[in-house]
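The file start.tsv comes next; it holds TSV, C-alpha atoms.
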```tsv
chain	number	residue	atom	x	y	z
A	1	TYR	CA	73.20	159.48	-49.50
A	2	ILE	CA	69.77	158.25	-50.61
A	3	THR	CA	66.33	159.67	-49.91
A	4	LYS	CA	63.68	156.95	-50.12
A	5	ASN	CA	59.92	157.13	-50.69
A	6	VAL	CA	59.96	160.43	-52.58
A	7	GLN	CA	56.52	161.13	-54.06
A	8	VAL	CA	56.41	161.32	-57.84
A	9	THR	CA	53.45	161.14	-60.19
A	10	ASP	CA	51.84	157.70	-59.91
A	11	GLY	CA	54.51	156.26	-57.64
A	12	MET	CA	57.44	156.58	-55.28
A	13	THR	CA	61.13	156.82	-56.09
A	14	ARG	CA	64.55	157.18	-54.54
A	15	ILE	CA	66.79	160.18	-55.04
A	16	LEU	CA	70.54	159.55	-55.02
A	17	TYR	CA	72.77	162.40	-53.83
A	18	SER	CA	76.45	162.51	-54.70
A	19	ASP	CA	79.33	164.97	-54.61
A	20	VAL	CA	80.22	164.22	-58.25
A	21	LYS	CA	79.49	167.07	-60.63
A	22	GLY	CA	76.49	166.71	-62.91
A	23	ASN	CA	74.39	168.95	-65.11
A	24	ALA	CA	70.68	168.16	-65.43
A	25	GLY	CA	70.35	170.49	-68.42
A	26	THR	CA	72.78	168.46	-70.53
A	27	GLY	CA	71.46	165.01	-69.64
A	28	THR	CA	74.08	163.73	-67.21
A	29	PHE	CA	73.83	160.12	-66.03
A	30	LEU	CA	75.39	158.45	-62.98
A	31	MET	CA	77.18	155.16	-63.62
A	32	ASN	CA	78.53	152.54	-61.25
A	33	THR	CA	82.03	151.06	-61.50
A	34	SER	CA	80.68	148.29	-63.77
A	35	GLY	CA	79.61	150.87	-66.33
A	36	GLN	CA	75.88	150.49	-65.65
A	37	ILE	CA	73.64	153.56	-65.60
A	38	ILE	CA	72.15	153.87	-62.11
A	39	GLY	CA	70.50	157.29	-62.33
A	40	TRP	CA	69.99	160.50	-64.24
A	41	VAL	CA	70.75	163.92	-62.84
A	42	THR	CA	67.83	166.21	-61.98
A	43	ASP	CA	67.49	169.62	-60.40
A	44	ASP	CA	63.95	168.89	-59.17
A	45	TYR	CA	65.09	167.80	-55.70
A	46	LYS	CA	67.65	170.48	-54.89
A	47	ASN	CA	67.21	172.55	-51.74
A	48	GLU	CA	69.30	174.61	-49.35
A	49	GLY	CA	70.44	171.51	-47.50
A	50	ASN	CA	71.90	169.77	-50.57
A	51	GLN	CA	72.90	172.65	-52.85
A	52	ASP	CA	76.48	171.35	-53.21
A	53	MET	CA	75.31	167.84	-54.11
A	54	THR	CA	74.18	166.35	-57.40
A	55	ALA	CA	70.71	164.77	-57.23
A	56	ALA	CA	69.82	161.82	-59.46
A	57	MET	CA	66.68	159.76	-59.99
A	58	ALA	CA	67.32	156.04	-59.35
A	59	ILE	CA	66.90	154.36	-62.73
A	60	SER	CA	65.83	151.01	-61.26
A	61	ASP	CA	62.60	152.66	-60.04
A	62	TYR	CA	61.72	153.43	-63.67
A	63	LYS	CA	62.57	150.05	-65.21
A	64	SER	CA	59.00	149.13	-66.22
A	65	ILE	CA	58.34	152.60	-67.67
A	66	LEU	CA	61.58	152.58	-69.67
A	67	GLU	CA	60.91	149.04	-70.92
A	68	LYS	CA	57.46	149.96	-72.27
A	69	LEU	CA	58.59	153.24	-73.79
A	70	SER	CA	61.65	151.68	-75.44
A	71	ASN	CA	59.37	149.07	-77.02
A	72	GLY	CA	57.13	151.79	-78.46
A	73	ALA	CA	54.28	151.22	-75.99
A	74	PRO	CA	52.72	154.11	-74.09
A	75	TYR	CA	52.90	153.99	-70.30
A	76	PRO	CA	49.65	154.17	-68.32
A	77	TYR	CA	49.00	157.49	-66.59
A	78	PHE	CA	46.66	158.19	-63.64
A	79	GLY	CA	47.97	161.54	-62.41
A	80	ILE	CA	48.37	161.61	-58.62
A	81	LYS	CA	51.07	161.95	-56.01
A	82	GLY	CA	50.21	159.79	-53.03
A	83	GLN	CA	51.41	158.27	-49.82
A	84	GLU	CA	50.37	155.23	-47.85
A	85	VAL	CA	48.04	155.69	-44.90
A	86	SER	CA	50.25	154.81	-41.92
A	87	ALA	CA	49.21	152.71	-38.92
A	88	VAL	CA	49.05	155.91	-36.85
A	89	MET	CA	46.80	157.61	-39.43
A	90	ASN	CA	44.65	154.46	-39.59
A	91	SER	CA	44.30	154.34	-35.80
A	92	SER	CA	42.92	157.90	-35.89
A	93	GLY	CA	40.09	156.76	-38.17
A	94	MET	CA	41.51	157.04	-41.69
A	95	PRO	CA	40.85	154.02	-43.89
A	96	LEU	CA	43.86	152.11	-45.21
A	97	GLY	CA	44.86	152.96	-48.75
A	98	VAL	CA	46.77	155.56	-50.74
A	99	TYR	CA	46.21	159.10	-49.52
A	100	VAL	CA	46.08	161.48	-52.50
A	101	VAL	CA	48.49	164.33	-51.70
A	102	GLU	CA	48.20	166.04	-55.08
A	103	VAL	CA	46.22	165.58	-58.28
A	104	ASN	CA	47.85	166.72	-61.52
A	105	THR	CA	45.71	169.21	-63.45
A	106	ASP	CA	44.05	167.69	-66.54
A	107	SER	CA	45.12	164.17	-65.53
A	108	PRO	CA	42.72	161.19	-65.74
A	109	ALA	CA	42.25	161.33	-61.94
A	110	TYR	CA	41.56	165.09	-62.02
A	111	ASN	CA	39.14	164.86	-64.93
A	112	THR	CA	37.18	162.12	-63.16
A	113	GLY	CA	36.79	164.11	-59.93
A	114	ILE	CA	39.38	162.57	-57.60
A	115	GLN	CA	40.64	165.24	-55.18
A	116	SER	CA	43.56	165.86	-52.86
A	117	GLY	CA	42.69	164.30	-49.51
A	118	ASP	CA	40.85	161.33	-51.04
A	119	ILE	CA	42.07	157.88	-50.06
A	120	ILE	CA	42.20	155.29	-52.86
A	121	THR	CA	41.05	152.02	-51.28
A	122	GLU	CA	40.23	149.91	-54.33
A	123	MET	CA	41.24	149.91	-57.98
A	124	GLY	CA	40.27	147.51	-60.73
A	125	GLY	CA	38.56	145.25	-58.18
A	126	SER	CA	41.69	144.91	-56.01
A	127	ALA	CA	42.25	146.38	-52.55
A	128	ILE	CA	44.80	149.19	-52.47
A	129	VAL	CA	46.79	149.46	-49.24
A	130	THR	CA	50.27	150.48	-50.44
A	131	MET	CA	51.75	152.60	-53.23
A	132	LYS	CA	53.12	149.34	-54.65
A	133	ASP	CA	49.54	147.95	-54.86
A	134	PHE	CA	48.55	151.11	-56.77
A	135	GLN	CA	51.55	150.91	-59.13
A	136	VAL	CA	51.00	147.19	-59.90
A	137	ILE	CA	47.36	147.79	-60.94
A	138	LEU	CA	48.32	150.87	-62.97
A	139	GLU	CA	51.17	149.04	-64.75
A	140	LYS	CA	48.80	146.21	-65.73
A	141	SER	CA	46.33	148.67	-67.24
A	142	SER	CA	46.38	150.12	-70.74
A	143	PRO	CA	45.85	153.69	-71.90
A	144	GLY	CA	42.17	154.12	-72.80
A	145	GLN	CA	41.06	151.36	-70.43
A	146	ILE	CA	38.32	152.30	-67.94
A	147	ILE	CA	39.08	151.13	-64.40
A	148	PRO	CA	36.74	151.33	-61.41
A	149	VAL	CA	38.36	153.23	-58.53
A	150	THR	CA	36.93	153.51	-55.03
A	151	VAL	CA	37.99	156.41	-52.83
A	152	SER	CA	37.08	157.34	-49.28
A	153	ARG	CA	36.45	161.04	-48.87
A	154	ASN	CA	36.37	162.72	-45.48
A	155	GLY	CA	32.90	164.10	-44.77
A	156	ARG	CA	31.58	165.94	-41.73
A	157	GLU	CA	31.33	162.87	-39.53
A	158	GLU	CA	32.79	159.98	-41.48
A	159	TYR	CA	34.61	158.85	-44.59
A	160	LYS	CA	32.23	158.24	-47.47
A	161	LYS	CA	33.02	155.80	-50.28
A	162	ILE	CA	32.79	157.18	-53.79
A	163	GLN	CA	33.15	155.05	-56.91
A	164	TYR	CA	34.72	156.51	-60.07
A	165	GLN	CA	35.28	155.12	-63.54
A	166	VAL	CA	38.74	156.39	-64.51
A	167	THR	CA	39.88	156.28	-68.13
A	168	ILE	CA	43.61	155.59	-67.94
A	169	GLY	CA	45.74	158.03	-69.90
A	170	ALA	CA	49.14	157.66	-71.55
A	171	ARG	CA	52.52	159.29	-71.10
```
Show how you would write the structure in this file as structure tokens.
Amino acid sequence: YITKNVQVTDGMTRILYSDVKGNAGTGTFLMNTSGQIIGWVTDDYKNEGNQDMTAAMAISDYKSILEKLSNGAPYPYFGIKGQEVSAVMNSSGMPLGVYVVEVNTDSPAYNTGIQSGDIITEMGGSAIVTMKDFQVILEKSSPGQIIPVTVSRNGREEYKKIQYQVTIGAR
């Protein structure tokens, strides 16, 4: 089975579960019947409900990262785990954007002052509504580039907009 929209740093991914045996420690890959690699085995998404299954990251979700890295280029790094503000969340007063679930310690976002609970509404002059919007802007950026980022932070009575200048990192 497949779990979709799993939060990972700076994006979302799918986790593929299979009953084939795999070992994350030795670098096991899943292949389809055409001989194409479709995922790599990980232990990061194991829990009591899937202990007998092998979990694999879907390689197609990492195509742009792998392409840059294989060409010797660093991949831009922001350093958050986020989720889209749903229609229900929006109807309760949250602005549309990417809700920051977690900020990685010592990441560009962390070092700038972005916090868990912030909602990224604009980045590089473009509106951010979905995780895909966020990923597209990040992928177009370069490590070392300074990008304006607008977040809405929940205050006592309302969300306040805060503008940051984030220096994109590399990974």
**OP:** Skip Ser126 (chain A) itself and residues of its chain fewer than 3 positions away, then list as a VMD selection string all residues within 12 Å of it, counting all atoms listed in the file.
**Re:** chain A and resid 97 120 to 123 129 to 130 133 to 138 147 to 150
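For the atom pair formed by CA of Ile15 (chain A) and CA of Leu69 (chain A), the distance is 21.6 Å, given to one decimal.
Between CA of Gln145 (chain A) and CA of Gln165 (chain A) lies a distance of 9.7 Å.
Distance check against Pro143 (chain A) using only C-alpha atoms: of A:Ile80, A:Leu96, A:Val166, A:Ile119, the minimum falls on A:Val166.
For the pair CA of Ser64 (chain A) and CA of Trp40 (chain A), the separation is 15.9 Å.
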**OP:** For Glu102 (chain A), work out the shell of residues within 12 Å, counting only C-alpha atoms and skipping chain neighbours fewer than 6 positions away, then give it as JSON, numbers by chain.
**Re:** {"A": [7, 8, 9, 10, 11, 78, 79, 80, 81, 82, 83, 109, 110, 114, 115, 116, 117, 118, 119]}
Near Ser142 (chain A), within 9 Å and counting only C-alpha atoms, which residues show up once chain neighbours fewer than 5 positions away are dropped, as an mmCIF file with C-alpha atoms, keeping the file's coordinate frame?
```
data_model
loop_
_atom_site.group_PDB
_atom_site.id
_atom_site.type_symbol
_atom_site.label_atom_id
_atom_site.label_comp_id
_atom_site.auth_asym_id
_atom_site.auth_seq_id
_atom_site.Cartn_x
_atom_site.Cartn_y
_atom_site.Cartn_z
ATOM 1 C CA PRO A 74 52.720 154.110 -74.090
ATOM 2 C CA TYR A 75 52.900 153.990 -70.300
ATOM 3 C CA PRO A 76 49.650 154.170 -68.320
ATOM 4 C CA TYR A 77 49.000 157.490 -66.590
ATOM 5 C CA ILE A 168 43.610 155.590 -67.940
ATOM 6 C CA GLY A 169 45.740 158.030 -69.900
ATOM 7 C CA ALA A 170 49.140 157.660 -71.550
#
```
Original post:
Contacts of region 158-164 of chain A at 8 Å or less, counting only C-alpha atoms, minus same-chain residues fewer than 2 places along, as a PyMOL selection string?
Top reply: chain A and resi 94-95+112-113+148-156+166
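Using all atoms listed in the file, the smallest distance between any of A:Gly72, A:Gly124, A:Gly93, A:Gly27 and Thr167 (chain A) comes from A:Gly124.
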**OP:** Return the single residue from A:Glu67, A:Glu157, A:Glu84, A:Asp19 that is closest to Met131 (chain A), with distances computed using all atoms listed in the file.
**Re:** A:Glu84
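The shortest atom-to-atom distance to Gly144 (chain A), with only C-alpha atoms taken into account, belongs to A:Arg171 out of A:Arg171, A:Ala56, A:Val41, A:Phe29.
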Original post:
region 59-61 of chain A: which residues within 7 Å, counting only C-alpha atoms, same-chain residues fewer than 6 positions away excluded, as a PyMOL selection string?
Top reply: chain A and resi 13+38-39
How big is the axis-aligned box around all listed atoms of region 150-160 of chain A once 8 Å goes on each side, and where's its centre, in Å to one decimal, as JSON?
```
{"center_x": 34.7, "center_y": 159.7, "center_z": -47.3, "size_x": 22.7, "size_y": 28.4, "size_z": 31.5}
```
**OP:** Measuring atom to atom with only C-alpha atoms, identify which of A:Met53, A:Ile128, A:Val20, A:Ala58 is nearest to Gln36 (chain A).
**Re:** A:Ala58
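The set of protein, DNA and RNA residues with any counted atom at most 10 Å from (69.5, 158.0, -48.2) (only C-alpha atoms) reads A:Tyr1, A:Ile2, A:Thr3, A:Lys4, A:Asn5, A:Arg14, A:Ile15, A:Leu16, A:Tyr17.
For the set A:Val6, A:Val103, A:Lys21, A:Glu139, the residue with the smallest atom-to-atom gap to Lys68 (chain A) is A:Glu139, counting all atoms listed in the file.
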